[in-house]
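Q: Dumping the structure here so I can ask a few things about it.
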Amino acid sequence: MARINTSKMTRTVRLLWENAQVYDLSLRTLGQYLGVSHMAIKRWFEGAAPTPENEAMILAACEKITAKHDAGEGRAFRRGGAVWHPDNPKDPRVLKEKRRLVKMQLLFYELERRLSPAEKELLVQEEPAWAGFQEILGLIRKHGLKIPRS
């Protein structure tokens with residue numbers, strides 16, 4: 001999916017979007033989980049508010065998606081013969097890392113939205129990597145955002 005402004009989404013739609021990012025689900029696949037058209041989901045992602053009934057369907061679909069994708073990953077690891085492959089999209093460690101990346105992406109979208117022009121200019125200056133990282137952490141603290149935990 002193209003870059004979407006997540007600040008316009010409701011909390012439940014954002015949860016659906018995060019699941020779509022983590023599990024690489026298309027709008028059509030999400031529509032099958034929810035029983036709605038992919039265009040309705042696209043409108044929600046663009047900022048339209050779903051009805052209360054649809055919000056309940058979204059929460060149920062998110063639970064179904066998580067249960068379906070997480071149920072299949074653990075079986076091979078309990079047998080003891082599985083090896084971790086970073087390219088395996090069903091590996092729970094890969095999914096955990098993808099979740100972390102999606103949450104960090106949301107954090108940076110939100111940070112970018114709150115920055116003043118001078119602060120944005122500060123971030124693009126060439127500095128040693130550690131100094132730039134400290135600047136980003138300072139801006140995150142300044143704007144009251146929280147770094148997501150995995």
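Lettering and numbering for the structure tokens are positional, with chains as A, B, ... in the shown order, residues counted from 1 in each chain, and ligands counted from 1 in the shown order.
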Please identify all polymer residues within 12 Å of segment 33-44 of chain A, counting only C-alpha atoms, omitting same-chain residues fewer than 3 positions from it, and present them as a ChimeraX atom specification.
A: /A:1-2,4-17,19-20,25-30,47-51,53-66,68
Q: Using N, CA and C atoms, can you export the residues from the last selection as a tab-separated table (two decimals), in the first residue's frame?
A:
```
chain	number	residue	atom	x	y	z
A	1	MET	N	0.84	-1.17	0.00
A	1	MET	CA	0.00	0.00	0.00
A	1	MET	C	0.88	1.23	0.00
A	2	ALA	N	0.37	2.26	-0.64
A	2	ALA	CA	1.12	3.51	-0.71
A	2	ALA	C	1.20	4.13	0.68
A	4	ILE	N	0.38	6.09	3.62
A	4	ILE	CA	-0.93	6.53	4.08
A	4	ILE	C	-0.74	7.38	5.33
A	5	ASN	N	-1.52	8.45	5.42
A	5	ASN	CA	-1.47	9.30	6.59
A	5	ASN	C	-2.27	8.65	7.71
A	6	THR	N	-1.60	8.07	8.65
A	6	THR	CA	-2.27	7.32	9.71
A	6	THR	C	-2.89	8.22	10.76
A	7	SER	N	-2.59	9.50	10.76
A	7	SER	CA	-3.16	10.39	11.78
A	7	SER	C	-4.65	10.60	11.58
A	8	LYS	N	-5.17	10.37	10.38
A	8	LYS	CA	-6.59	10.56	10.11
A	8	LYS	C	-7.42	9.32	10.47
A	9	MET	N	-6.76	8.20	10.74
A	9	MET	CA	-7.47	6.95	11.01
A	9	MET	C	-7.98	6.88	12.44
A	10	THR	N	-9.07	6.15	12.61
A	10	THR	CA	-9.51	5.86	13.96
A	10	THR	C	-8.58	4.80	14.54
A	11	ARG	N	-8.67	4.58	15.83
A	11	ARG	CA	-7.78	3.63	16.50
A	11	ARG	C	-7.95	2.21	15.96
A	12	THR	N	-9.19	1.80	15.72
A	12	THR	CA	-9.42	0.45	15.22
A	12	THR	C	-8.94	0.29	13.78
A	13	VAL	N	-9.13	1.32	12.96
A	13	VAL	CA	-8.65	1.25	11.58
A	13	VAL	C	-7.13	1.21	11.55
A	14	ARG	N	-6.50	1.94	12.46
A	14	ARG	CA	-5.03	1.90	12.53
A	14	ARG	C	-4.55	0.50	12.90
A	15	LEU	N	-5.27	-0.18	13.79
A	15	LEU	CA	-4.93	-1.55	14.15
A	15	LEU	C	-5.04	-2.46	12.92
A	16	LEU	N	-6.09	-2.27	12.14
A	16	LEU	CA	-6.26	-3.04	10.91
A	16	LEU	C	-5.11	-2.76	9.93
A	17	TRP	N	-4.74	-1.49	9.81
A	17	TRP	CA	-3.65	-1.11	8.90
A	17	TRP	C	-2.33	-1.73	9.37
A	19	ASN	N	-1.94	-4.52	11.05
A	19	ASN	CA	-2.00	-5.94	10.70
A	19	ASN	C	-1.73	-6.15	9.22
A	20	ALA	N	-2.29	-5.28	8.38
A	20	ALA	CA	-2.06	-5.40	6.94
A	20	ALA	C	-0.58	-5.23	6.62
A	25	LEU	N	-0.90	-8.03	3.85
A	25	LEU	CA	-2.24	-8.31	3.34
A	25	LEU	C	-2.70	-7.20	2.42
A	26	SER	N	-3.31	-7.57	1.31
A	26	SER	CA	-3.84	-6.59	0.38
A	26	SER	C	-5.21	-6.11	0.86
A	27	LEU	N	-5.72	-5.06	0.22
A	27	LEU	CA	-7.04	-4.56	0.56
A	27	LEU	C	-8.11	-5.62	0.29
A	28	ARG	N	-7.93	-6.36	-0.80
A	28	ARG	CA	-8.91	-7.41	-1.14
A	28	ARG	C	-8.92	-8.52	-0.08
A	29	THR	N	-7.74	-8.90	0.39
A	29	THR	CA	-7.67	-9.93	1.42
A	29	THR	C	-8.31	-9.43	2.71
A	30	LEU	N	-8.04	-8.18	3.06
A	30	LEU	CA	-8.68	-7.60	4.25
A	30	LEU	C	-10.19	-7.58	4.09
A	47	GLY	N	-9.23	8.01	5.95
A	47	GLY	CA	-9.74	8.88	7.00
A	47	GLY	C	-11.23	8.81	7.27
A	48	ALA	N	-12.01	8.10	6.44
A	48	ALA	CA	-13.44	7.97	6.72
A	48	ALA	C	-13.64	7.10	7.96
A	49	ALA	N	-14.58	7.51	8.78
A	49	ALA	CA	-14.82	6.77	10.03
A	49	ALA	C	-15.80	5.62	9.77
A	50	PRO	N	-15.45	4.42	10.21
A	50	PRO	CA	-16.38	3.29	10.06
A	50	PRO	C	-17.52	3.40	11.07
A	51	THR	N	-18.62	2.72	10.77
A	51	THR	CA	-19.76	2.70	11.69
A	51	THR	C	-19.38	1.85	12.91
A	53	GLU	N	-20.78	-0.77	13.99
A	53	GLU	CA	-20.85	-2.19	13.61
A	53	GLU	C	-19.57	-2.60	12.87
A	54	ASN	N	-19.12	-1.72	11.98
A	54	ASN	CA	-17.89	-2.01	11.25
A	54	ASN	C	-16.68	-2.02	12.17
A	55	GLU	N	-16.68	-1.16	13.18
A	55	GLU	CA	-15.56	-1.16	14.14
A	55	GLU	C	-15.49	-2.50	14.87
A	56	ALA	N	-16.66	-3.04	15.23
A	56	ALA	CA	-16.68	-4.34	15.89
A	56	ALA	C	-16.18	-5.43	14.94
A	57	MET	N	-16.57	-5.32	13.66
A	57	MET	CA	-16.08	-6.29	12.66
A	57	MET	C	-14.58	-6.17	12.48
A	58	ILE	N	-14.05	-4.95	12.52
A	58	ILE	CA	-12.60	-4.74	12.36
A	58	ILE	C	-11.85	-5.40	13.51
A	59	LEU	N	-12.32	-5.20	14.74
A	59	LEU	CA	-11.65	-5.80	15.89
A	59	LEU	C	-11.68	-7.33	15.81
A	60	ALA	N	-12.84	-7.88	15.41
A	60	ALA	CA	-12.94	-9.33	15.27
A	60	ALA	C	-12.02	-9.84	14.16
A	61	ALA	N	-11.94	-9.10	13.06
A	61	ALA	CA	-11.08	-9.51	11.95
A	61	ALA	C	-9.61	-9.43	12.35
A	62	CYS	N	-9.23	-8.41	13.12
A	62	CYS	CA	-7.83	-8.30	13.57
A	62	CYS	C	-7.46	-9.49	14.46
A	63	GLU	N	-8.38	-9.90	15.32
A	63	GLU	CA	-8.11	-11.07	16.16
A	63	GLU	C	-7.99	-12.32	15.30
A	64	LYS	N	-8.87	-12.44	14.28
A	64	LYS	CA	-8.83	-13.60	13.38
A	64	LYS	C	-7.52	-13.64	12.60
A	65	ILE	N	-7.09	-12.47	12.09
A	65	ILE	CA	-5.85	-12.39	11.31
A	65	ILE	C	-4.67	-12.80	12.18
A	66	THR	N	-4.59	-12.22	13.38
A	66	THR	CA	-3.47	-12.53	14.27
A	66	THR	C	-3.48	-14.00	14.65
A	68	LYS	N	-4.79	-16.54	13.02
A	68	LYS	CA	-4.48	-17.38	11.87
A	68	LYS	C	-3.00	-17.38	11.55
```
Q: Within 12 Å of Ser116 of chain A, counting only C-alpha atoms, which residues qualify if same-chain residues fewer than 5 places away don't, as a list in words?
A: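 Returned residues: Leu111, Glu121, Leu122, Leu123, Leu139, Lys142 and His143 of chain A.
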Q: Determine, counting only C-alpha atoms, which protein, DNA and RNA residues have an atom within 9 Å of an atom of Val102 of chain A; residues of the same chain fewer than 5 positions away are not included. Present the result as a ChimeraX atom specification.
A: /A:18,21-22,97,107
Q: Those residues you just picked out, can you put them in a file as an mmCIF file, in the first residue's frame with C-alpha atoms?
A:
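Written output follows (out.cif):
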```cif
data_model
loop_
_atom_site.group_PDB
_atom_site.id
_atom_site.type_symbol
_atom_site.label_atom_id
_atom_site.label_comp_id
_atom_site.auth_asym_id
_atom_site.auth_seq_id
_atom_site.Cartn_x
_atom_site.Cartn_y
_atom_site.Cartn_z
ATOM 1 C CA GLU A 18 -0.855 -2.341 11.207
ATOM 2 C CA GLN A 21 1.513 -4.086 7.066
ATOM 3 C CA VAL A 22 2.840 -6.830 9.336
ATOM 4 C CA GLU A 97 10.523 -7.526 13.771
ATOM 5 C CA LEU A 107 6.232 6.969 15.278
#
```
